[in-house]
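Next comes work.pdb, with PDB, C-alpha atoms.
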ATOM      1  CA  MET Q  11     -86.217 330.060 328.950
ATOM      2  CA  HIS Q  12     -82.508 330.649 328.328
ATOM      3  CA  HIS Q  13     -81.040 329.928 331.799
ATOM      4  CA  LEU Q  14     -82.138 328.011 334.898
ATOM      5  CA  LEU Q  15     -80.562 329.855 337.820
ATOM      6  CA  SER Q  16     -83.290 329.711 340.464
ATOM      7  CA  ALA Q  17     -86.454 327.750 341.140
ATOM      8  CA  ALA Q  18     -88.139 331.153 341.327
ATOM      9  CA  ASP Q  19     -87.445 331.593 337.601
ATOM     10  CA  LEU Q  20     -90.058 328.963 336.770
ATOM     11  CA  SER Q  21     -93.730 329.728 336.255
ATOM     12  CA  LEU Q  22     -96.305 327.047 337.051
ATOM     13  CA  GLY Q  23     -96.566 326.263 333.340
ATOM     14  CA  GLN Q  24     -92.798 325.952 332.898
ATOM     15  CA  ALA Q  25     -92.338 323.798 335.985
ATOM     16  CA  THR Q  26     -95.208 321.513 334.965
ATOM     17  CA  ALA Q  27     -93.858 321.224 331.429
ATOM     18  CA  ILE Q  28     -90.438 320.167 332.744
ATOM     19  CA  LEU Q  29     -92.039 317.531 334.988
ATOM     20  CA  ASP Q  30     -94.276 316.266 332.166
ATOM     21  CA  VAL Q  31     -91.404 315.877 329.683
ATOM     22  CA  ALA Q  32     -89.361 314.188 332.423
ATOM     23  CA  GLU Q  33     -92.065 311.505 332.567
ATOM     24  CA  GLU Q  34     -91.351 310.732 328.917
ATOM     25  CA  MET Q  35     -87.597 310.893 329.436
ATOM     26  CA  HIS Q  36     -87.822 308.498 332.386
ATOM     27  CA  ASP Q  37     -88.865 305.715 330.007
ATOM     28  CA  VAL Q  38     -85.475 305.912 328.306
ATOM     29  CA  GLN Q  39     -83.821 304.384 331.383
ATOM     30  CA  SER Q  40     -85.602 301.076 330.814
ATOM     31  CA  ARG Q  41     -84.711 300.844 327.102
ATOM     32  CA  PRO Q  42     -82.010 298.436 325.891
ATOM     33  CA  ILE Q  43     -80.426 301.315 323.939
ATOM     34  CA  LYS Q  44     -80.543 304.538 325.960
ATOM     35  CA  LYS Q  45     -79.996 307.061 323.194
ATOM     36  CA  LEU Q  46     -82.107 309.831 321.669
ATOM     37  CA  PRO Q  47     -81.134 312.212 318.849
ATOM     38  CA  THR Q  48     -82.729 315.154 320.686
ATOM     39  CA  LEU Q  49     -79.606 317.277 321.292
ATOM     40  CA  ARG Q  50     -77.342 315.985 318.549
ATOM     41  CA  GLY Q  51     -74.816 318.668 317.640
ATOM     42  CA  LYS Q  52     -75.101 320.483 320.988
ATOM     43  CA  THR Q  53     -72.132 320.858 323.335
ATOM     44  CA  ILE Q  54     -72.572 320.902 327.121
ATOM     45  CA  ILE Q  55     -69.776 321.645 329.594
ATOM     46  CA  ASN Q  56     -70.185 320.549 333.210
ATOM     47  CA  MET Q  57     -68.075 322.939 335.312
ATOM     48  CA  PHE Q  58     -67.862 321.739 338.905
ATOM     49  CA  PHE Q  59     -65.846 323.805 341.368
ATOM     50  CA  GLU Q  60     -67.092 321.539 344.196
ATOM     51  CA  ASP Q  61     -67.116 317.764 344.521
ATOM     52  CA  SER Q  62     -70.238 315.972 343.344
ATOM     53  CA  THR Q  63     -71.371 312.450 342.518
ATOM     54  CA  ARG Q  64     -75.122 312.450 341.877
ATOM     55  CA  THR Q  65     -75.542 315.828 340.217
ATOM     56  CA  ARG Q  66     -72.484 315.723 338.004
ATOM     57  CA  THR Q  67     -73.036 312.128 336.903
ATOM     58  CA  SER Q  68     -76.748 312.622 336.207
ATOM     59  CA  PHE Q  69     -76.113 315.743 334.109
ATOM     60  CA  GLU Q  70     -73.424 313.880 332.166
ATOM     61  CA  ILE Q  71     -75.706 310.898 331.560
ATOM     62  CA  ALA Q  72     -78.603 313.209 330.639
ATOM     63  CA  GLY Q  73     -76.552 314.974 327.989
ATOM     64  CA  LYS Q  74     -75.079 311.794 326.546
ATOM     65  CA  TRP Q  75     -78.410 309.979 326.389
ATOM     66  CA  MET Q  76     -79.720 312.870 324.273
ATOM     67  CA  SER Q  77     -76.666 312.675 321.988
ATOM     68  CA  ALA Q  78     -75.067 315.949 323.131
ATOM     69  CA  ASP Q  79     -71.292 316.224 323.327
ATOM     70  CA  THR Q  80     -70.729 316.415 327.087
ATOM     71  CA  ILE Q  81     -67.437 317.576 328.589
ATOM     72  CA  ASN Q  82     -66.501 317.666 332.277
ATOM     73  CA  VAL Q  83     -64.277 320.453 333.599
ATOM     74  CA  SER Q  84     -63.190 320.669 337.250
ATOM     75  CA  ALA Q  85     -61.393 323.527 338.976
ATOM     76  CA  LYS Q  86     -58.418 321.288 339.749
ATOM     77  CA  GLY Q  87     -58.001 320.311 336.128
ATOM     78  CA  SER Q  88     -58.546 323.744 334.590
ATOM     79  CA  SER Q  89     -56.603 326.987 334.339
ATOM     80  CA  VAL Q  90     -58.446 328.213 337.434
ATOM     81  CA  SER Q  91     -55.914 326.197 339.423
ATOM     82  CA  LYS Q  92     -53.198 328.326 337.757
ATOM     83  CA  GLY Q  93     -54.797 331.556 338.883
ATOM     84  CA  GLU Q  94     -57.034 332.319 335.913
ATOM     85  CA  SER Q  95     -60.253 334.055 336.934
ATOM     86  CA  MET Q  96     -63.563 332.251 336.564
ATOM     87  CA  ARG Q  97     -64.677 335.004 334.184
ATOM     88  CA  ASP Q  98     -61.730 334.472 331.840
ATOM     89  CA  THR Q  99     -62.236 330.707 331.953
ATOM     90  CA  MET Q 100     -65.926 331.092 331.085
ATOM     91  CA  LEU Q 101     -65.215 333.538 328.242
ATOM     92  CA  THR Q 102     -62.541 331.218 326.856
ATOM     93  CA  LEU Q 103     -64.847 328.196 326.806
ATOM     94  CA  ASP Q 104     -67.817 330.217 325.542
ATOM     95  CA  SER Q 105     -65.740 331.396 322.573
ATOM     96  CA  MET Q 106     -65.394 327.753 321.511
ATOM     97  CA  GLY Q 107     -69.087 327.599 320.625
ATOM     98  CA  VAL Q 108     -70.435 325.846 323.709
ATOM     99  CA  ASP Q 109     -74.240 325.659 323.928
ATOM    100  CA  CYS Q 110     -74.718 325.150 327.670
ATOM    101  CA  PHE Q 111     -72.766 325.369 330.914
ATOM    102  CA  VAL Q 112     -73.835 323.353 333.960
ATOM    103  CA  ILE Q 113     -72.076 325.009 336.904
ATOM    104  CA  ARG Q 114     -71.598 324.156 340.569
ATOM    105  CA  HIS Q 115     -69.721 326.713 342.653
ATOM    106  CA  PRO Q 116     -69.070 327.177 346.398
ATOM    107  CA  SER Q 117     -70.004 330.883 346.321
ATOM    108  CA  SER Q 118     -73.641 331.946 346.417
ATOM    109  CA  GLY Q 119     -74.522 333.995 343.364
ATOM    110  CA  ALA Q 120     -71.490 332.905 341.327
ATOM    111  CA  VAL Q 121     -73.554 330.994 338.779
ATOM    112  CA  ALA Q 122     -75.929 333.909 338.185
ATOM    113  CA  GLN Q 123     -72.920 336.164 337.709
ATOM    114  CA  ALA Q 124     -71.385 333.731 335.233
ATOM    115  CA  SER Q 125     -74.588 333.691 333.173
ATOM    116  CA  GLY Q 126     -74.011 337.363 332.412
ATOM    117  CA  TRP Q 127     -70.590 336.675 330.884
ATOM    118  CA  VAL Q 128     -71.556 334.106 328.242
ATOM    119  CA  ARG Q 129     -73.998 333.727 325.390
ATOM    120  CA  ALA Q 130     -74.554 330.015 326.152
ATOM    121  CA  SER Q 131     -77.334 328.775 328.411
ATOM    122  CA  VAL Q 132     -76.387 328.286 332.078
ATOM    123  CA  VAL Q 133     -77.827 325.816 334.573
ATOM    124  CA  ASN Q 134     -77.248 326.293 338.284
ATOM    125  CA  ALA Q 135     -76.118 322.928 339.669
ATOM    126  CA  GLY Q 136     -75.715 324.397 343.164
ATOM    127  CA  ASP Q 137     -74.182 327.671 344.301
ATOM    128  CA  GLY Q 138     -72.970 327.840 347.884
ATOM    129  CA  ARG Q 139     -75.842 328.010 350.368
ATOM    130  CA  HIS Q 140     -78.096 329.643 347.809
ATOM    131  CA  GLU Q 141     -79.971 327.320 345.451
ATOM    132  CA  HIS Q 142     -80.086 323.992 343.609
ATOM    133  CA  PRO Q 143     -83.103 324.258 341.275
ATOM    134  CA  THR Q 144     -82.771 320.930 339.458
ATOM    135  CA  GLN Q 145     -82.712 319.131 342.831
ATOM    136  CA  ALA Q 146     -86.019 320.789 343.721
ATOM    137  CA  LEU Q 147     -87.421 319.742 340.339
ATOM    138  CA  LEU Q 148     -86.394 316.107 340.766
ATOM    139  CA  ASP Q 149     -87.812 316.175 344.299
ATOM    140  CA  ALA Q 150     -91.109 317.520 342.930
ATOM    141  CA  TYR Q 151     -91.101 314.917 340.164
ATOM    142  CA  THR Q 152     -90.633 312.107 342.705
ATOM    143  CA  MET Q 153     -93.293 313.615 344.987
ATOM    144  CA  ARG Q 154     -95.800 313.834 342.145
ATOM    145  CA  ARG Q 155     -95.267 310.200 341.207
ATOM    146  CA  HIS Q 156     -95.707 309.239 344.861
ATOM    147  CA  PHE Q 157     -98.872 311.317 345.193
ATOM    148  CA  ARG Q 158    -100.304 309.716 342.039
ATOM    149  CA  ALA Q 159     -99.538 306.238 343.384
ATOM    150  CA  THR Q 160    -101.247 306.960 346.701
ATOM    151  CA  GLY Q 161    -104.006 309.404 345.716
ATOM    152  CA  ASP Q 162    -104.794 312.306 343.420
ATOM    153  CA  GLY Q 163    -101.300 313.370 342.437
ATOM    154  CA  GLU Q 164    -101.907 317.010 343.352
ATOM    155  CA  PHE Q 165     -99.542 319.149 345.435
ATOM    156  CA  ALA Q 166    -102.328 321.298 346.874
ATOM    157  CA  GLY Q 167    -103.057 320.337 350.466
ATOM    158  CA  LYS Q 168     -99.949 318.197 350.831
ATOM    159  CA  LYS Q 169     -97.637 318.975 353.756
ATOM    160  CA  ILE Q 170     -93.916 318.720 353.078
ATOM    161  CA  ALA Q 171     -91.656 318.783 356.145
ATOM    162  CA  ILE Q 172     -88.035 319.715 355.420
ATOM    163  CA  VAL Q 173     -85.925 318.830 358.431
ATOM    164  CA  GLY Q 174     -82.385 319.438 359.642
ATOM    165  CA  ASP Q 175     -79.487 321.632 358.588
ATOM    166  CA  LEU Q 176     -81.509 324.427 356.982
ATOM    167  CA  LEU Q 177     -78.695 326.948 357.396
ATOM    168  CA  HIS Q 178     -76.228 325.360 354.992
ATOM    169  CA  SER Q 179     -78.721 323.790 352.581
ATOM    170  CA  ARG Q 180     -79.283 325.107 349.064
ATOM    171  CA  VAL Q 181     -81.839 322.341 348.534
ATOM    172  CA  VAL Q 182     -84.272 323.823 351.055
ATOM    173  CA  ARG Q 183     -84.352 327.251 349.403
ATOM    174  CA  SER Q 184     -85.116 325.843 345.973
ATOM    175  CA  ASN Q 185     -87.767 323.497 347.367
ATOM    176  CA  VAL Q 186     -89.518 326.310 349.226
ATOM    177  CA  LEU Q 187     -89.600 328.456 346.071
ATOM    178  CA  LEU Q 188     -90.754 325.655 343.777
ATOM    179  CA  GLN Q 189     -93.436 324.371 346.149
ATOM    180  CA  ARG Q 190     -94.750 327.926 346.437
ATOM    181  CA  THR Q 191     -95.346 327.689 342.673
ATOM    182  CA  LEU Q 192     -96.693 324.135 342.663
ATOM    183  CA  GLY Q 193     -98.971 324.553 345.690
ATOM    184  CA  GLY Q 194     -97.387 322.309 348.314
ATOM    185  CA  GLU Q 195     -97.355 323.395 351.965
ATOM    186  CA  VAL Q 196     -93.788 323.441 353.289
ATOM    187  CA  VAL Q 197     -92.947 323.438 356.990
ATOM    188  CA  LEU Q 198     -89.327 323.861 358.046
ATOM    189  CA  VAL Q 199     -87.944 321.996 361.067
ATOM    190  CA  GLY Q 200     -84.549 322.511 362.634
ATOM    191  CA  PRO Q 201     -82.604 323.577 365.723
ATOM    192  CA  PRO Q 202     -82.316 327.350 366.330
ATOM    193  CA  THR Q 203     -78.578 327.253 365.554
ATOM    194  CA  LEU Q 204     -79.213 325.854 362.067
ATOM    195  CA  LEU Q 205     -81.868 328.306 360.845
ATOM    196  CA  PRO Q 206     -80.933 330.774 358.087
ATOM    197  CA  THR Q 207     -81.068 334.478 358.834
ATOM    198  CA  GLY Q 208     -84.387 335.870 357.650
ATOM    199  CA  VAL Q 209     -86.087 332.463 357.412
ATOM    200  CA  GLU Q 210     -89.219 334.043 358.905
ATOM    201  CA  THR Q 211     -89.645 335.951 355.625
ATOM    202  CA  TRP Q 212     -89.728 332.803 353.493
ATOM    203  CA  GLY Q 213     -93.496 332.507 353.810
ATOM    204  CA  CYS Q 214     -93.696 329.080 355.455
ATOM    205  CA  PRO Q 215     -93.982 327.972 359.091
ATOM    206  CA  VAL Q 216     -90.819 327.179 361.055
ATOM    207  CA  THR Q 217     -90.651 324.969 364.143
ATOM    208  CA  HIS Q 218     -88.004 323.433 366.395
ATOM    209  CA  ASP Q 219     -90.258 320.490 367.315
ATOM    210  CA  PHE Q 220     -89.871 317.593 364.885
ATOM    211  CA  ASP Q 221     -92.214 315.391 366.913
ATOM    212  CA  GLU Q 222     -94.995 317.927 366.478
ATOM    213  CA  VAL Q 223     -94.770 317.619 362.680
ATOM    214  CA  ILE Q 224     -93.873 313.983 362.016
ATOM    215  CA  GLY Q 225     -97.412 312.610 362.211
ATOM    216  CA  GLU Q 226     -98.905 315.240 359.878
ATOM    217  CA  ALA Q 227     -96.421 315.304 356.995
ATOM    218  CA  ASP Q 228     -97.075 313.689 353.625
ATOM    219  CA  ILE Q 229     -93.390 314.048 352.725
ATOM    220  CA  VAL Q 230     -90.560 314.001 355.270
ATOM    221  CA  MET Q 231     -87.403 315.338 353.661
ATOM    222  CA  MET Q 232     -84.280 314.923 355.763
ATOM    223  CA  LEU Q 233     -81.323 317.211 355.063
ATOM    224  CA  ARG Q 234     -77.704 316.171 355.464
ATOM    225  CA  VAL Q 235     -75.783 317.706 358.343
ATOM    226  CA  GLN Q 236     -73.111 319.541 356.338
ATOM    227  CA  ARG Q 237     -70.180 319.246 358.699
ATOM    228  CA  GLU Q 238     -67.734 320.425 356.032
ATOM    229  CA  ARG Q 239     -69.424 323.851 356.110
ATOM    230  CA  MET Q 240     -69.463 324.096 359.896
ATOM    231  CA  SER Q 241     -66.665 325.833 361.772
ATOM    232  CA  GLY Q 242     -68.355 326.081 365.174
ATOM    233  CA  GLY Q 243     -70.486 324.097 367.597
ATOM    234  CA  PHE Q 244     -73.913 324.171 365.963
ATOM    235  CA  PHE Q 245     -75.071 321.279 368.167
ATOM    236  CA  PRO Q 246     -73.482 319.428 371.116
ATOM    237  CA  THR Q 247     -73.013 315.910 369.691
ATOM    238  CA  ALA Q 248     -74.184 313.843 366.747
ATOM    239  CA  ARG Q 249     -76.124 311.635 369.150
ATOM    240  CA  GLU Q 250     -78.031 314.566 370.622
ATOM    241  CA  TYR Q 251     -78.754 315.887 367.141
ATOM    242  CA  ALA Q 252     -80.158 312.492 366.123
ATOM    243  CA  GLU Q 253     -82.367 312.394 369.208
ATOM    244  CA  GLY Q 254     -83.817 315.823 368.481
ATOM    245  CA  TYR Q 255     -83.866 316.004 364.692
ATOM    246  CA  GLY Q 256     -83.065 312.582 363.289
ATOM    247  CA  LEU Q 257     -85.570 310.302 361.590
ATOM    248  CA  THR Q 258     -85.230 307.575 364.185
ATOM    249  CA  PRO Q 259     -87.091 304.229 364.155
ATOM    250  CA  GLU Q 260     -89.486 305.700 366.744
ATOM    251  CA  ARG Q 261     -90.349 308.671 364.509
ATOM    252  CA  LEU Q 262     -90.555 306.377 361.487
ATOM    253  CA  ALA Q 263     -93.293 304.422 363.258
ATOM    254  CA  ARG Q 264     -95.279 307.632 363.814
ATOM    255  CA  MET Q 265     -95.363 308.702 360.170
ATOM    256  CA  LYS Q 266     -98.617 308.675 358.214
ATOM    257  CA  ASP Q 267     -99.294 305.410 356.381
ATOM    258  CA  ALA Q 268     -98.954 306.980 352.921
ATOM    259  CA  ALA Q 269     -96.096 309.337 353.818
ATOM    260  CA  ALA Q 270     -92.765 309.113 352.009
ATOM    261  CA  ILE Q 271     -89.167 309.717 353.105
ATOM    262  CA  PHE Q 272     -86.877 311.901 350.995
ATOM    263  CA  HIS Q 273     -83.186 312.772 351.281
ATOM    264  CA  PRO Q 274     -81.123 314.660 348.677
ATOM    265  CA  GLY Q 275     -78.025 312.667 349.644
ATOM    266  CA  PRO Q 276     -75.429 311.789 350.572
ATOM    267  CA  MET Q 277     -76.881 310.436 353.805
ATOM    268  CA  ASN Q 278     -75.240 310.484 357.227
ATOM    269  CA  ARG Q 279     -76.778 307.301 358.580
ATOM    270  CA  GLY Q 280     -77.232 307.447 362.315
ATOM    271  CA  VAL Q 281     -77.239 311.260 362.354
ATOM    272  CA  GLU Q 282     -80.117 312.843 360.409
ATOM    273  CA  ILE Q 283     -81.548 309.487 359.324
ATOM    274  CA  SER Q 284     -81.428 305.984 360.784
ATOM    275  CA  SER Q 285     -80.658 302.977 358.600
ATOM    276  CA  GLN Q 286     -84.156 301.682 359.301
ATOM    277  CA  ALA Q 287     -85.652 304.846 357.837
ATOM    278  CA  ALA Q 288     -83.206 305.057 354.926
ATOM    279  CA  ASP Q 289     -84.022 301.493 353.873
ATOM    280  CA  ALA Q 290     -87.731 301.553 354.761
ATOM    281  CA  ALA Q 291     -90.481 300.819 352.250
ATOM    282  CA  ALA Q 292     -91.496 304.473 352.562
ATOM    283  CA  SER Q 293     -88.069 305.674 351.404
ATOM    284  CA  ARG Q 294     -87.985 307.329 347.973
ATOM    285  CA  VAL Q 295     -84.272 308.158 348.100
ATOM    286  CA  LEU Q 296     -83.278 305.924 345.177
ATOM    287  CA  ASP Q 297     -86.336 307.114 343.247
ATOM    288  CA  GLN Q 298     -84.960 310.646 343.631
ATOM    289  CA  VAL Q 299     -81.628 309.530 342.166
ATOM    290  CA  SER Q 300     -83.367 307.841 339.248
ATOM    291  CA  ALA Q 301     -85.522 310.920 338.694
ATOM    292  CA  GLY Q 302     -82.408 313.096 338.563
ATOM    293  CA  VAL Q 303     -81.433 311.866 335.102
ATOM    294  CA  ALA Q 304     -84.943 312.224 333.651
ATOM    295  CA  VAL Q 305     -85.480 315.707 335.084
ATOM    296  CA  ARG Q 306     -82.087 316.961 333.925
ATOM    297  CA  MET Q 307     -82.768 315.542 330.469
ATOM    298  CA  SER Q 308     -85.976 317.553 330.456
ATOM    299  CA  VAL Q 309     -84.241 320.726 331.660
ATOM    300  CA  LEU Q 310     -81.583 320.458 328.951
ATOM    301  CA  TYR Q 311     -84.272 319.758 326.361
ATOM    302  CA  HIS Q 312     -86.183 322.899 327.336
ATOM    303  CA  LEU Q 313     -83.074 325.089 327.450
ATOM    304  CA  LEU Q 314     -81.465 323.918 324.247
ATOM    305  CA  GLY Q 315     -84.648 323.697 322.201
ATOM    306  CA  GLY Q 316     -84.297 320.105 321.127
ATOM    307  CA  GLU Q 317     -86.855 319.309 318.466
ATOM    308  CA  GLY Q 318     -85.969 315.679 318.016
ATOM    309  CA  GLU Q 319     -87.904 312.586 318.995
ATOM    310  CA  LYS Q 320     -88.643 312.276 322.715
TER     311      LYS Q 320
END

Will you turn the file into structure tokens for me?
Amino acid sequence: MHHLLSAADLSLGQATAILDVAEEMHDVQSRPIKKLPTLRGKTIINMFFEDSTRTRTSFEIAGKWMSADTINVSAKGSSVSKGESMRDTMLTLDSMGVDCFVIRHPSSGAVAQASGWVRASVVNAGDGRHEHPTQALLDAYTMRRHFRATGDGEFAGKKIAIVGDLLHSRVVRSNVLLQRTLGGEVVLVGPPTLLPTGVETWGCPVTHDFDEVIGEADIVMMLRVQRERMSGGFFPTAREYAEGYGLTPERLARMKDAAAIFHPGPMNRGVEISSQAADAAASRVLDQVSAGVAVRMSVLYHLLGGEGEK
């Protein structure tokens, strides 16, 4: 595996291997000294053309904890802001001997295009409305740990409801693709105005009725309402959206006993998720954040061929 551009790139064996190594990497977080020699001598550049907190920070921590030289480059602080093309910027940095680029870009397909310009490995850290494969991997990692704590740990037969702003979400696409590989049963829930074109071809059921699904789901993943990507009236008011598609205290009470709440963050409390749900015992939101470092350590390990101690 040279790049990670899409969750569809991963076979069952590759996805499982990433999750298994992430289990070992997760132990590093509880060590007094969080440092491994695994990627010593490797150079990783995080190129973020969009704002990010969780993804950018977790990739930076992941690289540093494995002793890689990690450098952050933003569009505002690079020659892109002077008019240089992304291609020329990538070629310039690649010529410096970089081993891996972690790229977030507002345009769908931009990261895949960039991977064709450089010899270094490329990780898609989110491209427009398209995909976010490492988010899907950390979600799967957190799900598997939850399933093991409450039962058999298998994805087969588990129902995963992904709810909300499906139209603008890159997380949902990667989760659908990865769960197709892992064996989970995804059901998509959202208002008609927030469904992607062609969603009926994704191979999973779609419904507008959240209440019909809430009592059957083993995982309830709430998606952020991405107002910054909305230019029109996709729903009347935030209050009406919350009543129809928010994880309210009433819906929280109707969830299965062993069900878990997920959210890729950042959360709009009071819109897609109530504070009661966000802070409930069933919430695995902070577990997802913690898993992000371990999973991205594993991804970098697999891409860069680290042979050091794990």

Report as a ChimeraX atom specification the full result of the PyMOL selection byres ((chain Q and resi 201) around 9) when it is applied to this structure. /Q:174-176,199-200,202-205,217-219,244-245,251,254-255

Neighbouring residues of Q:Ile113 were defined as those with any atom within 7 Å, considering only C-alpha atoms; residues of the same chain fewer than 6 positions away were excluded. Please report them as a PyMOL selection string. chain Q and resi 56-58+121+133-135

Nearby residues (all atoms listed in the file) at most 10 Å from stretch 309-314 of chain Q, same-chain spacing under 2 positions excluded, as an NGL selection string: :Q and (11-14 or 24-25 or 27-29 or 31-32 or 35 or 48-49 or 52-54 or 69 or 72-73 or 76 or 78 or 109-110 or 112 or 130-133 or 144 or 147 or 303-307 or 316-318 or 320)

Restricted to C-alpha atoms, what would the selected residues look like written as an mmCIF file, in the coordinates of the input?
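This went into result-v1.cif:
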data_model
loop_
_atom_site.group_PDB
_atom_site.id
_atom_site.type_symbol
_atom_site.label_atom_id
_atom_site.label_comp_id
_atom_site.auth_asym_id
_atom_site.auth_seq_id
_atom_site.Cartn_x
_atom_site.Cartn_y
_atom_site.Cartn_z
ATOM 1 C CA MET Q 11 -86.217 330.060 328.950
ATOM 2 C CA HIS Q 12 -82.508 330.649 328.328
ATOM 3 C CA HIS Q 13 -81.040 329.928 331.799
ATOM 4 C CA LEU Q 14 -82.138 328.011 334.898
ATOM 5 C CA GLN Q 24 -92.798 325.952 332.898
ATOM 6 C CA ALA Q 25 -92.338 323.798 335.985
ATOM 7 C CA ALA Q 27 -93.858 321.224 331.429
ATOM 8 C CA ILE Q 28 -90.438 320.167 332.744
ATOM 9 C CA LEU Q 29 -92.039 317.531 334.988
ATOM 10 C CA VAL Q 31 -91.404 315.877 329.683
ATOM 11 C CA ALA Q 32 -89.361 314.188 332.423
ATOM 12 C CA MET Q 35 -87.597 310.893 329.436
ATOM 13 C CA THR Q 48 -82.729 315.154 320.686
ATOM 14 C CA LEU Q 49 -79.606 317.277 321.292
ATOM 15 C CA LYS Q 52 -75.101 320.483 320.988
ATOM 16 C CA THR Q 53 -72.132 320.858 323.335
ATOM 17 C CA ILE Q 54 -72.572 320.902 327.121
ATOM 18 C CA PHE Q 69 -76.113 315.743 334.109
ATOM 19 C CA ALA Q 72 -78.603 313.209 330.639
ATOM 20 C CA GLY Q 73 -76.552 314.974 327.989
ATOM 21 C CA MET Q 76 -79.720 312.870 324.273
ATOM 22 C CA ALA Q 78 -75.067 315.949 323.131
ATOM 23 C CA ASP Q 109 -74.240 325.659 323.928
ATOM 24 C CA CYS Q 110 -74.718 325.150 327.670
ATOM 25 C CA VAL Q 112 -73.835 323.353 333.960
ATOM 26 C CA ALA Q 130 -74.554 330.015 326.152
ATOM 27 C CA SER Q 131 -77.334 328.775 328.411
ATOM 28 C CA VAL Q 132 -76.387 328.286 332.078
ATOM 29 C CA VAL Q 133 -77.827 325.816 334.573
ATOM 30 C CA THR Q 144 -82.771 320.930 339.458
ATOM 31 C CA LEU Q 147 -87.421 319.742 340.339
ATOM 32 C CA VAL Q 303 -81.433 311.866 335.102
ATOM 33 C CA ALA Q 304 -84.943 312.224 333.651
ATOM 34 C CA VAL Q 305 -85.480 315.707 335.084
ATOM 35 C CA ARG Q 306 -82.087 316.961 333.925
ATOM 36 C CA MET Q 307 -82.768 315.542 330.469
ATOM 37 C CA GLY Q 316 -84.297 320.105 321.127
ATOM 38 C CA GLU Q 317 -86.855 319.309 318.466
ATOM 39 C CA GLY Q 318 -85.969 315.679 318.016
ATOM 40 C CA LYS Q 320 -88.643 312.276 322.715
#

Could you tell me which of Q:Glu141, Q:Asp162, Q:Glu60, Q:Asp104 comes closest to Q:Gly126 if we count all atoms listed in the file?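 Result for the nearest residue to Q:Gly126: Q:Asp104.
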
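Residues in contact range of Q:Gly193, defined as at most 9 Å between all atoms listed in the file, with sequence neighbours fewer than 2 positions away removed, read Q:Glu164, Q:Phe165, Q:Ala166, Q:Gly167, Q:Lys168, Q:Leu188, Q:Gln189, Q:Arg190, Q:Thr191, Q:Glu195.
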
Please evaluate the PyMOL selection byres ((chain Q and resi 233) around 9) against the structure above and give the resulting residues as a count of residues only. 20

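Relative to atom CA of Q:Gly302, atom CA of Q:Ala146 is found at 9.9 Å.
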
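With all atoms listed in the file as the basis for measurement, Q:Arg249 is the residue among Q:Arg114, Q:His142, Q:Arg261, Q:Arg249 that approaches Q:Arg279 most closely.
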
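The residue that comes closest to Q:Thr160, out of Q:Val197, Q:Ala268, Q:Ala290, Q:Met100 and on the basis of only C-alpha atoms, is Q:Ala268.
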
Would you kindly identify which residues have an atom no farther than 10 Å from (-90.0, 314.7, 349.9), using all atoms listed in the file and the file's own coordinates, and write them out as JSON, numbers by chain? {"Q": [146, 148, 149, 150, 151, 152, 153, 154, 156, 169, 170, 171, 172, 185, 227, 228, 229, 230, 231, 232, 269, 270, 271, 272, 273, 274, 293, 294, 295, 298]}
